[in-house]
Amino acid sequence: MASTNQSPFYQRAEQDFQTATTDEERIICLEIMIKECPKHKSSENMRKNLTNRMKKLKEGVEKRKKSGKGSKEGIKKADMQCILLGMPNSGKSTLFNILTTEKSKSKISPHQFTTYQTNLGIIEYEDVKIQLIDDAPIPNHDKSIVNSADTVLITFTKLEEIEKIEKITWKSKSKKIWILNKTDKLSEIEKRRIKATLKSKYKKLDFIFFSERETKLKILELKKKIFKSFPIIRVYTKEPKKTPSKEPMILKENSTIRDSAEKIRKHFSEQIKTSKIWGPSSKFGGQTSGLEHKLKDKDVIEFHTK
């Protein structure tokens, strides 16, 4: 792939493509290259080759997903997946232990590089479960997981770490939540100064202050922030004359009744005669709706089959 007269972003993506270790990383690089590729006629073949290459890679990734393999072997990606990323000794593993309810807990140590492999846990918020992966600290982290996750929680303790981490995560399309950790070690004056710098120099960052001594309310605030980062809705199902399911079905925003039926079982939508809706998307409780009816968060569906 020639990079003559290409933008710096194209050239950087091309270099990263050559050193990429997974198809997910290569796809991200190709997306950037296609975006940065000149639009004039002489570059049509180049753009076509890039597009075809990306198509083949995506087909391969999709086949692996259908076979049950997730973004990392042994970890099947859940409806909502969150990654913990950070520099060594940034309090990342402590945060993992605070947020998760699983027995699997990360090792905690004042020494660098305590976490050498990924740890899997679950964040419980309201009635949903969010998959949380505690990745190895930078630079031993798994690039493919960071690039494929829905949300990345980035722990940092110093402002100068931000630019280093941005260079590592610039390709990731994930929603990023920056967590200034160990703030209990800062004075109120230092907190105000750091907050002012973040707001002026790093306006686009979604950041939150945190420490292991935080109250339950602050922990709940962080969990809510994580949940809100996912472009999803919760939908409940019910049988006639029965109460709705306690656990919601997780769907993408703007999903339809058809989408919800297909998630329950492939081709299930073909067996549906009518559906009734209760909740934010209905004009009244028990509204009869067609398969293309768009659902909203916390809707309840009752399916009637043919």
# chains A, B, ... in the order shown; residues from 1 in each chain; ligands from 1
>>> residues_around(residues="stretch 149-151 of chain A", least_positions_apart="4", cutoff="7 Å", atoms="only C-alpha atoms", output="PyMOL selection string")
chain A and resi 80-83+145+174-176+229-230
>>> residues_around(residues="A:Gly285", least_positions_apart="6", cutoff="10 Å", atoms="only C-alpha atoms", output="CSV table (one decimal) with C-alpha atoms, in the first residue's frame")
chain,number,residue,atom,x,y,z
A,276,LYS,CA,-48.4,-5.4,22.9
A,277,ILE,CA,-46.3,-2.6,24.4
A,278,TRP,CA,-46.1,-1.0,27.8
A,279,GLY,CA,-43.7,1.8,28.6
A,300,VAL,CA,-42.3,-4.2,28.1
>>> closest_residue(among="A:Lys306, A:Lys298, A:Lys225, A:His293", to="A:Phe268", atoms="only C-alpha atoms")
A:Lys306
>>> closest_residue(among="A:Thr305, A:Thr169, A:Gln131, A:Thr157", to="A:Lys191", atoms="only C-alpha atoms")
A:Thr157
>>> closest_residue(among="A:Arg53, A:Lys242, A:Lys171, A:Lys296", to="A:Lys143", atoms="only C-alpha atoms")
A:Lys171
>>> residues_around(residues="stretch 33-39 of chain A", least_positions_apart="6", cutoff="7 Å", atoms="only C-alpha atoms", output="list in words")
Ser7, Tyr10, Ala13, Arg47 and Leu50 of chain A
>>> write_last_selection(atoms="N, CA and C atoms", output="PDB file, in the first residue's frame")
ATOM      1  N   SER A   7      -1.814  11.886   4.031  1.00  0.00           N
ATOM      2  CA  SER A   7      -1.798  12.673   5.260  1.00  0.00           C
ATOM      3  C   SER A   7      -1.028  11.946   6.357  1.00  0.00           C
ATOM      4  N   TYR A  10      -2.982   9.052   7.690  1.00  0.00           N
ATOM      5  CA  TYR A  10      -2.952   7.871   6.813  1.00  0.00           C
ATOM      6  C   TYR A  10      -1.659   7.105   7.030  1.00  0.00           C
ATOM      7  N   ALA A  13      -1.574   5.304  10.339  1.00  0.00           N
ATOM      8  CA  ALA A  13      -2.455   4.134  10.303  1.00  0.00           C
ATOM      9  C   ALA A  13      -1.839   3.016   9.474  1.00  0.00           C
ATOM     10  N   ARG A  47      -8.382   3.200  -3.031  1.00  0.00           N
ATOM     11  CA  ARG A  47      -9.515   3.188  -2.120  1.00  0.00           C
ATOM     12  C   ARG A  47     -10.308   1.877  -2.258  1.00  0.00           C
ATOM     13  N   LEU A  50      -8.377  -0.942  -0.541  1.00  0.00           N
ATOM     14  CA  LEU A  50      -8.498  -0.818   0.906  1.00  0.00           C
ATOM     15  C   LEU A  50      -9.863  -1.312   1.378  1.00  0.00           C
TER      16      LEU A  50
END
>>> decode(residues="stretch 17-62 of chain A", atoms="N, CA and C atoms", output="short mmCIF file (atom, residue, chain, number, x, y, z; two decimals), in the first residue's frame")
data_model
loop_
_atom_site.label_atom_id
_atom_site.label_comp_id
_atom_site.auth_asym_id
_atom_site.auth_seq_id
_atom_site.Cartn_x
_atom_site.Cartn_y
_atom_site.Cartn_z
N PHE A 17 -0.89 -0.64 10.71
CA PHE A 17 -1.44 -1.81 10.01
C PHE A 17 -0.37 -2.88 9.84
N GLN A 18 0.83 -2.46 9.50
CA GLN A 18 1.92 -3.40 9.27
C GLN A 18 2.33 -4.14 10.55
N THR A 19 2.17 -3.50 11.68
CA THR A 19 2.58 -4.11 12.96
C THR A 19 1.40 -4.68 13.76
N ALA A 20 0.19 -4.55 13.22
CA ALA A 20 -1.01 -5.04 13.93
C ALA A 20 -0.94 -6.55 14.14
N THR A 21 -1.45 -7.00 15.25
CA THR A 21 -1.41 -8.43 15.58
C THR A 21 -2.76 -9.12 15.46
N THR A 22 -3.85 -8.34 15.31
CA THR A 22 -5.18 -8.93 15.17
C THR A 22 -5.93 -8.29 14.02
N ASP A 23 -6.96 -8.99 13.52
CA ASP A 23 -7.78 -8.45 12.43
C ASP A 23 -8.56 -7.23 12.89
N GLU A 24 -8.97 -7.21 14.17
CA GLU A 24 -9.70 -6.05 14.69
C GLU A 24 -8.85 -4.79 14.59
N GLU A 25 -7.57 -4.92 14.92
CA GLU A 25 -6.65 -3.77 14.82
C GLU A 25 -6.47 -3.36 13.36
N ARG A 26 -6.36 -4.33 12.47
CA ARG A 26 -6.16 -4.03 11.04
C ARG A 26 -7.38 -3.32 10.47
N ILE A 27 -8.57 -3.73 10.89
CA ILE A 27 -9.81 -3.09 10.40
C ILE A 27 -9.85 -1.62 10.81
N ILE A 28 -9.48 -1.34 12.06
CA ILE A 28 -9.46 0.05 12.54
C ILE A 28 -8.49 0.88 11.72
N CYS A 29 -7.30 0.32 11.43
CA CYS A 29 -6.31 1.02 10.62
C CYS A 29 -6.85 1.30 9.21
N LEU A 30 -7.49 0.30 8.62
CA LEU A 30 -8.03 0.46 7.28
C LEU A 30 -9.14 1.50 7.22
N GLU A 31 -9.97 1.55 8.24
CA GLU A 31 -11.04 2.55 8.29
C GLU A 31 -10.46 3.97 8.26
N ILE A 32 -9.38 4.16 9.00
CA ILE A 32 -8.72 5.47 9.02
C ILE A 32 -8.10 5.76 7.66
N MET A 33 -7.46 4.76 7.05
CA MET A 33 -6.80 4.94 5.75
C MET A 33 -7.82 5.28 4.65
N ILE A 34 -8.97 4.60 4.71
CA ILE A 34 -10.02 4.89 3.72
C ILE A 34 -10.54 6.31 3.89
N LYS A 35 -10.73 6.70 5.15
CA LYS A 35 -11.21 8.06 5.44
C LYS A 35 -10.22 9.12 4.96
N GLU A 36 -8.91 8.83 5.13
CA GLU A 36 -7.87 9.81 4.79
C GLU A 36 -7.42 9.72 3.34
N CYS A 37 -7.87 8.69 2.62
CA CYS A 37 -7.46 8.51 1.22
C CYS A 37 -8.03 9.64 0.37
N PRO A 38 -7.22 10.24 -0.51
CA PRO A 38 -7.70 11.34 -1.36
C PRO A 38 -8.91 10.92 -2.19
N LYS A 39 -9.78 11.87 -2.47
CA LYS A 39 -11.02 11.56 -3.18
C LYS A 39 -10.93 11.70 -4.70
N HIS A 40 -9.75 12.10 -5.21
CA HIS A 40 -9.64 12.30 -6.66
C HIS A 40 -9.58 10.96 -7.41
N LYS A 41 -9.75 11.01 -8.73
CA LYS A 41 -9.92 9.82 -9.56
C LYS A 41 -8.71 8.90 -9.54
N SER A 42 -7.52 9.47 -9.47
CA SER A 42 -6.30 8.67 -9.53
C SER A 42 -6.13 7.74 -8.32
N SER A 43 -6.87 8.03 -7.25
CA SER A 43 -6.74 7.19 -6.04
C SER A 43 -7.91 6.21 -5.89
N GLU A 44 -8.76 6.10 -6.93
CA GLU A 44 -9.92 5.22 -6.85
C GLU A 44 -9.53 3.76 -6.62
N ASN A 45 -8.49 3.29 -7.34
CA ASN A 45 -8.05 1.90 -7.19
C ASN A 45 -7.51 1.63 -5.79
N MET A 46 -6.78 2.61 -5.26
CA MET A 46 -6.24 2.46 -3.91
C MET A 46 -7.38 2.33 -2.91
N ARG A 47 -8.38 3.20 -3.03
CA ARG A 47 -9.51 3.19 -2.12
C ARG A 47 -10.31 1.88 -2.26
N LYS A 48 -10.43 1.40 -3.49
CA LYS A 48 -11.15 0.15 -3.76
C LYS A 48 -10.42 -1.03 -3.12
N ASN A 49 -9.09 -1.05 -3.25
CA ASN A 49 -8.29 -2.14 -2.66
C ASN A 49 -8.41 -2.14 -1.13
N LEU A 50 -8.38 -0.94 -0.54
CA LEU A 50 -8.50 -0.82 0.91
C LEU A 50 -9.86 -1.31 1.38
N THR A 51 -10.91 -0.93 0.63
CA THR A 51 -12.27 -1.32 0.98
C THR A 51 -12.46 -2.83 0.88
N ASN A 52 -11.92 -3.44 -0.18
CA ASN A 52 -12.03 -4.89 -0.36
C ASN A 52 -11.28 -5.65 0.75
N ARG A 53 -10.11 -5.13 1.10
CA ARG A 53 -9.32 -5.77 2.14
C ARG A 53 -10.06 -5.72 3.48
N MET A 54 -10.68 -4.55 3.76
CA MET A 54 -11.42 -4.41 5.01
C MET A 54 -12.64 -5.34 5.02
N LYS A 55 -13.31 -5.48 3.89
CA LYS A 55 -14.47 -6.34 3.79
C LYS A 55 -14.11 -7.79 4.13
N LYS A 56 -12.99 -8.27 3.60
CA LYS A 56 -12.56 -9.64 3.85
C LYS A 56 -12.22 -9.84 5.32
N LEU A 57 -11.55 -8.85 5.91
CA LEU A 57 -11.19 -8.95 7.32
C LEU A 57 -12.44 -8.98 8.21
N LYS A 58 -13.43 -8.13 7.88
CA LYS A 58 -14.66 -8.09 8.66
C LYS A 58 -15.43 -9.41 8.56
N GLU A 59 -15.40 -10.02 7.37
CA GLU A 59 -16.08 -11.31 7.19
C GLU A 59 -15.43 -12.38 8.08
N GLY A 60 -14.09 -12.32 8.16
CA GLY A 60 -13.37 -13.27 9.00
C GLY A 60 -13.69 -13.08 10.48
N VAL A 61 -13.75 -11.82 10.90
CA VAL A 61 -14.06 -11.50 12.30
C VAL A 61 -15.48 -11.96 12.64
N GLU A 62 -16.41 -11.73 11.71
CA GLU A 62 -17.81 -12.11 11.93
C GLU A 62 -17.96 -13.62 12.06
#
